[in-house]
$ cat upload17.txt   # compact mmCIF, C-alpha atoms (C1' of nucleotides)
# COMPACT_ATOMS: atom_id res chain seq x y z
CA MET A 1 93.69 86.22 113.37
CA LYS A 2 90.98 87.96 115.36
CA ILE A 3 91.18 91.10 117.43
CA LYS A 4 90.63 90.12 121.04
CA TYR A 5 91.13 93.50 122.67
CA LYS A 6 89.02 96.63 122.62
CA THR A 7 90.41 99.32 120.39
CA ARG A 8 89.95 103.03 120.94
CA ASP A 9 88.43 103.59 117.53
CA PRO A 10 85.83 100.87 116.89
CA ARG A 11 85.82 101.47 113.14
CA LEU A 12 89.15 99.76 112.53
CA LYS A 13 87.93 96.65 114.32
CA ARG A 14 84.69 96.70 112.32
CA ILE A 15 86.57 97.10 109.06
CA TYR A 16 88.97 94.29 109.89
CA LYS A 17 86.22 91.89 110.92
CA ARG A 18 84.18 92.70 107.84
CA LEU A 19 87.11 92.20 105.50
CA TYR A 20 88.26 89.01 107.18
CA LYS A 21 84.78 87.55 107.08
CA CYS A 22 84.42 88.47 103.42
CA PHE A 23 87.84 87.50 102.08
CA GLY A 24 89.41 85.20 104.68
CA PRO A 25 93.14 84.90 105.36
CA GLN A 26 95.34 86.26 102.58
CA GLY A 27 98.55 84.37 103.36
CA TRP A 28 100.91 87.29 102.81
CA TRP A 29 103.67 87.99 101.88
CA PRO A 30 103.88 86.02 98.62
CA GLY A 31 107.60 85.24 98.97
CA GLU A 32 109.55 82.20 100.08
CA THR A 33 112.35 83.87 102.05
CA PRO A 34 112.89 87.16 103.89
CA PHE A 35 115.27 88.20 101.12
CA GLU A 36 112.69 87.50 98.44
CA VAL A 37 110.19 89.55 100.43
CA ALA A 38 112.59 92.51 100.63
CA VAL A 39 113.33 92.33 96.90
CA GLY A 40 109.61 92.09 96.15
CA ALA A 41 108.91 95.09 98.37
CA ILE A 42 111.23 97.24 96.25
CA LEU A 43 110.07 95.82 92.92
CA THR A 44 106.38 96.35 93.67
CA GLN A 45 106.73 100.10 94.16
CA ASN A 46 103.91 101.65 92.11
CA THR A 47 103.69 98.42 90.14
CA ALA A 48 101.16 95.63 89.75
CA TRP A 49 102.23 92.48 91.57
CA SER A 50 101.70 90.39 88.44
CA ASN A 51 104.62 92.26 86.88
CA VAL A 52 106.76 91.70 89.95
CA THR A 53 106.26 87.93 89.79
CA LYS A 54 107.76 87.93 86.29
CA ALA A 55 110.83 89.78 87.53
CA ILE A 56 111.20 87.49 90.55
CA LYS A 57 110.94 84.47 88.26
CA ASN A 58 113.71 85.88 86.08
CA LEU A 59 115.92 86.32 89.14
CA LYS A 60 115.19 82.78 90.29
CA ASP A 61 115.77 81.27 86.84
CA ALA A 62 119.11 83.10 86.67
CA ARG A 63 119.91 81.80 90.17
CA CYS A 64 120.42 85.35 91.32
CA LEU A 65 117.86 85.61 94.11
CA SER A 66 120.27 85.60 97.04
CA PRO A 67 122.16 88.42 98.78
CA ASN A 68 125.50 87.23 97.40
CA HIS A 69 124.43 86.57 93.83
CA LEU A 70 122.47 89.78 93.50
CA TRP A 71 125.40 91.72 94.97
CA SER A 72 127.85 90.15 92.52
CA ILE A 73 126.06 90.86 89.23
CA ASN A 74 126.35 94.29 87.65
CA LYS A 75 123.59 96.83 87.56
CA LEU A 76 122.96 96.46 83.84
CA LYS A 77 122.46 92.71 84.14
CA LEU A 78 120.20 93.24 87.15
CA SER A 79 118.08 95.81 85.35
CA GLU A 80 117.53 93.41 82.45
CA LEU A 81 116.40 90.64 84.81
CA ILE A 82 113.89 92.88 86.56
CA ARG A 83 112.70 94.63 83.39
CA PRO A 84 109.10 93.28 83.59
CA SER A 85 108.56 95.04 86.92
CA GLY A 86 108.92 98.46 85.30
CA TYR A 87 111.20 101.36 86.33
CA PHE A 88 113.94 98.78 85.92
CA ASN A 89 116.89 101.19 85.88
CA ILE A 90 115.79 102.93 89.05
CA LYS A 91 114.84 99.69 90.78
CA ALA A 92 118.19 98.09 89.93
CA GLU A 93 119.82 101.07 91.62
CA ARG A 94 117.50 100.73 94.61
CA LEU A 95 118.17 97.01 94.98
CA LYS A 96 121.92 97.68 94.86
CA SER A 97 121.52 100.34 97.55
CA PHE A 98 119.62 97.93 99.78
CA LEU A 99 122.25 95.26 99.16
CA ALA A 100 124.96 97.75 100.14
CA LEU A 101 123.28 98.21 103.51
CA LEU A 102 122.80 94.46 103.91
CA HIS A 103 126.43 93.64 103.14
CA LYS A 104 128.18 96.54 104.78
CA ARG A 105 126.29 96.53 108.06
CA TYR A 106 124.81 93.04 108.36
CA LYS A 107 127.41 90.81 106.69
CA GLY A 108 125.05 90.14 103.79
CA SER A 109 122.84 88.15 106.16
CA MET A 110 119.11 88.67 106.48
CA ASN A 111 119.31 86.74 109.76
CA THR A 112 121.77 89.29 111.11
CA MET A 113 119.59 92.13 109.86
CA ARG A 114 116.61 90.51 111.58
CA LYS A 115 118.38 90.79 114.94
CA GLU A 116 118.76 94.55 114.62
CA ASP A 117 116.54 96.68 116.83
CA PRO A 118 113.42 97.34 114.73
CA LEU A 119 113.44 101.10 115.30
CA ILE A 120 117.11 101.34 114.37
CA LEU A 121 116.57 99.12 111.36
CA ARG A 122 113.70 101.31 110.17
CA GLU A 123 115.97 104.34 110.34
CA ARG A 124 118.71 102.51 108.44
CA LEU A 125 116.27 101.38 105.76
CA LEU A 126 114.91 104.90 105.34
CA GLU A 127 118.46 106.13 104.80
CA VAL A 128 118.70 103.87 101.77
CA LYS A 129 118.02 105.85 98.59
CA GLY A 130 114.89 104.37 97.07
CA ILE A 131 113.42 102.97 100.26
CA GLY A 132 110.61 105.10 101.65
CA PRO A 133 108.29 104.46 104.60
CA GLU A 134 106.02 101.94 102.88
CA THR A 135 108.87 99.83 101.55
CA ALA A 136 110.70 99.99 104.88
CA ASP A 137 107.61 98.93 106.82
CA SER A 138 106.85 96.16 104.33
CA ILE A 139 110.31 94.74 104.94
CA LEU A 140 109.99 95.11 108.72
CA LEU A 141 106.58 93.45 108.84
CA TYR A 142 106.65 90.85 106.09
CA ALA A 143 110.33 89.89 106.03
CA PHE A 144 111.07 90.16 109.76
CA ASN A 145 107.67 89.93 111.46
CA HIS A 146 108.08 93.22 113.31
CA PRO A 147 104.84 95.03 114.22
CA ALA A 148 105.02 97.91 111.72
CA PHE A 149 101.72 98.72 110.02
CA VAL A 150 102.11 99.21 106.27
CA VAL A 151 100.25 102.20 104.84
CA ASP A 152 99.70 102.17 101.10
CA ALA A 153 97.56 103.94 98.51
CA TYR A 154 94.62 101.63 99.21
CA THR A 155 94.80 102.33 102.93
CA LYS A 156 94.65 106.06 102.32
CA ARG A 157 91.82 105.72 99.82
CA ILE A 158 89.70 103.72 102.26
CA LEU A 159 90.36 105.91 105.29
CA PHE A 160 89.79 109.13 103.36
CA ARG A 161 86.71 107.88 101.60
CA HIS A 162 85.10 106.89 104.88
CA LYS A 163 86.29 110.15 106.46
CA ILE A 164 88.11 108.30 109.20
CA LEU A 165 91.15 110.53 108.72
CA PRO A 166 91.52 113.87 106.91
CA GLU A 167 92.93 113.74 103.38
CA LYS A 168 95.94 115.81 104.34
CA SER A 169 97.15 113.06 106.68
CA ARG A 170 100.73 112.04 106.09
CA TYR A 171 102.16 108.53 106.14
CA GLU A 172 103.33 108.71 109.74
CA ASP A 173 99.97 110.13 110.89
CA ILE A 174 98.09 107.25 109.32
CA GLN A 175 100.46 104.62 110.65
CA GLU A 176 100.24 106.14 114.10
CA PHE A 177 96.44 105.86 113.93
CA PHE A 178 96.69 102.11 113.34
CA HIS A 179 99.38 101.68 115.97
CA ARG A 180 97.31 103.58 118.52
CA ASN A 181 94.10 101.70 117.84
CA LEU A 182 95.22 98.13 117.34
CA PRO A 183 97.14 95.62 119.44
CA HIS A 184 100.67 95.34 118.06
CA TYR A 185 100.43 91.81 116.74
CA PRO A 186 102.50 91.23 113.61
CA ALA A 187 100.00 88.61 112.44
CA LEU A 188 97.18 91.16 112.74
CA PHE A 189 99.10 93.91 110.95
CA ASN A 190 100.04 91.39 108.27
CA GLU A 191 96.49 90.25 107.64
CA PHE A 192 94.92 93.69 107.91
CA HIS A 193 97.15 95.30 105.31
CA ALA A 194 96.74 92.35 102.95
CA LEU A 195 92.96 92.54 103.30
CA ILE A 196 93.02 96.27 102.56
CA VAL A 197 94.93 95.57 99.35
CA LYS A 198 92.49 92.81 98.50
CA VAL A 199 89.38 94.97 98.90
CA GLY A 200 91.12 97.83 97.12
CA LYS A 201 91.83 95.65 94.11
CA GLU A 202 88.31 94.22 94.00
CA TYR A 203 86.43 97.51 94.21
CA CYS A 204 87.11 100.77 92.45
CA TRP A 205 87.35 103.54 95.00
CA ARG A 206 87.47 106.29 92.45
CA ARG A 207 83.87 105.77 91.42
CA PRO A 208 81.24 107.71 93.37
CA ARG A 209 79.72 104.47 94.60
CA CYS A 210 81.28 101.11 95.27
CA ARG A 211 78.40 98.71 94.83
CA GLY A 212 78.83 95.43 96.61
CA CYS A 213 81.92 96.53 98.49
CA PRO A 214 81.91 94.99 101.99
CA LEU A 215 82.85 98.40 103.39
CA GLU A 216 80.01 100.22 101.64
CA ASP A 217 78.06 100.81 104.85
CA ILE A 218 80.85 100.70 107.38
C1' DG B 219 94.87 104.00 73.26
C1' DA B 220 93.98 105.59 77.90
C1' DC B 221 94.29 104.34 82.47
C1' DC B 222 96.14 102.02 86.29
C1' DA B 223 99.32 99.46 89.52
C1' DG B 224 101.05 97.02 96.91
C1' DG B 225 106.42 104.54 95.67
C1' DC B 226 110.12 107.40 95.76
C1' DA B 227 113.34 111.25 94.88
C1' DC B 228 113.90 115.58 93.34
C1' DA B 229 112.87 120.40 91.64
C1' DT B 230 110.33 124.34 92.35
C1' DC B 231 107.52 127.60 94.57
C1' DG C 232 104.99 122.10 103.41
C1' DA C 233 102.63 121.42 99.14
C1' DT C 234 102.62 120.40 94.42
C1' DG C 235 104.37 118.58 90.01
C1' DT C 236 107.30 115.39 87.38
C1' DG C 237 110.11 111.37 85.85
C1' DC C 238 110.66 106.67 86.16
C1' DA C 239 108.41 101.91 82.54
C1' DT C 240 106.21 97.49 82.09
C1' DG C 241 102.01 94.77 81.34
C1' DG C 242 96.93 94.02 82.20
C1' DT C 243 92.14 95.82 81.44
$ encode --input "upload17.txt" --output "C-alpha cells"
Amino acid sequence: MKIKYKTRDPRLKRIYKRLYKCFGPQGWWPGETPFEVAVGAILTQNTAWSNVTKAIKNLKDARCLSPNHLWSINKLKLSELIRPSGYFNIKAERLKSFLALLHKRYKGSMNTMRKEDPLILRERLLEVKGIGPETADSILLYAFNHPAFVVDAYTKRILFRHKILPEKSRYEDIQEFFHRNLPHYPALFNEFHALIVKVGKEYCWRRPRCRGCPLEDI
DNA sequence: GACCAGGCACATC
DNA sequence: GATGTGCATGGT
C-alpha cells in the first residue's frame, strides 16, 4: 500500500515510505476472524503478543473462541484459559463486558456489529468497561476495516522522539494528526500502525541513540 | 532479578 | 487535568 496523495505534513509520508521499504508488508492483524481480532485486541493490552498467542491457543483448543461459547462459560473458567496473557482476572471481566455489548445490542453477531455506523460503534465500544481508545480503534480497524488510526505506546514514542508532536499530546490529538495528514484508507492505516509496532520492537527508543534505526535521520 | 510488553480504570490532588 | 497505582504472565 503506497500513499498516492500529498499529505499536509510530509514527515508522515516519509516515515511510512521508509518503514515500508525497510520492513515490507506486515500482514496484520494476526487473527483468523473478526471475533478473534477483537479478543486479541483486549488480551494484548500492555502485554507482549507472544503471551496473547498462548491464550488464544488455549481458547481455540477448548473450542471457546466464538461469541456463543465465550459467552456461555463462566468468568473463572475464562480467566484460567487466558492466564498466559497476564492480568487474567481483569481481562476475563473485560471480555465478558465486550461480549455483553455484542450479544445485547448486536445479537452476538460480529457481522451485525460490523454494519453499525463506525462513529456510533466507537462510542459503544468506549462505553464498555475495559475498552479504551486504542482497543476500540484496533477493533474498528483490524476487525471491521474501518479507517480508524490506532495510536499506541510506540506511536507516541516515535512522534515525541522526533518532536513531531509535543509530549503532552493526548490520544485523540495524536489520532487527529494522522487522520488530518493521511488519506483515510483502511489498508494504509492498517499497514502504518503495524510498521510502527515493528520498528518499535526492533529498536529501543529509550536509549539516547537508536543506531541502525530506519528513522534515525528522518 | 530487573525490566519490559501492541492499556485501562480508578483514586487522589 | 495531571499524576500515581494495581493488574500478572513470560521473554530477555
$ interface_residues --input "upload17.txt" --of "chain C" --to "chain A" --cutoff "8 Å" --atoms "only C-alpha atoms (C1' of nucleotides)" --output "list in words"
DC238, DA239, DT240 and DG241 of chain C
$ closest_atom_pairs --input "upload17.txt" --of "chain B" --to "chain A" --cutoff "7 Å" --atoms "all atoms listed in the file" --output "tab-separated table"
residue	atom	partner	partner_atom	distance
B:DA223	C1'	A:Ala48	CA	4.3
B:DG224	C1'	A:Thr44	CA	6.3
B:DG225	C1'	A:Gln45	CA	4.7
B:DC226	C1'	A:Gly130	CA	5.8
$ write_last_selection --input "upload17.txt" --atoms "C-alpha atoms (C1' of nucleotides)" --output "CSV table (one decimal), in the coordinates of the input"
chain,number,residue,atom,x,y,z
B,223,DA,C1',99.3,99.5,89.5
B,224,DG,C1',101.0,97.0,96.9
B,225,DG,C1',106.4,104.5,95.7
B,226,DC,C1',110.1,107.4,95.8
$ atom_distance --input "upload17.txt" --atom1 "CA of Met113 in chain A" --atom2 "CA of Leu182 in chain A"
26.2 Å
$ atom_distance --input "upload17.txt" --atom1 "CA of Pro34 in chain A" --atom2 "CA of Pro67 in chain A"
10.7 Å
$ atom_distance --input "upload17.txt" --atom1 "CA of Lys57 in chain A" --atom2 "CA of Ala38 in chain A"
14.8 Å
$ closest_residue --input "upload17.txt" --among "A:Ile120, A:Ala100, A:Val128, A:Leu19" --to "DA227 in chain B" --atoms "only C-alpha atoms (C1' of nucleotides)"
A:Val128
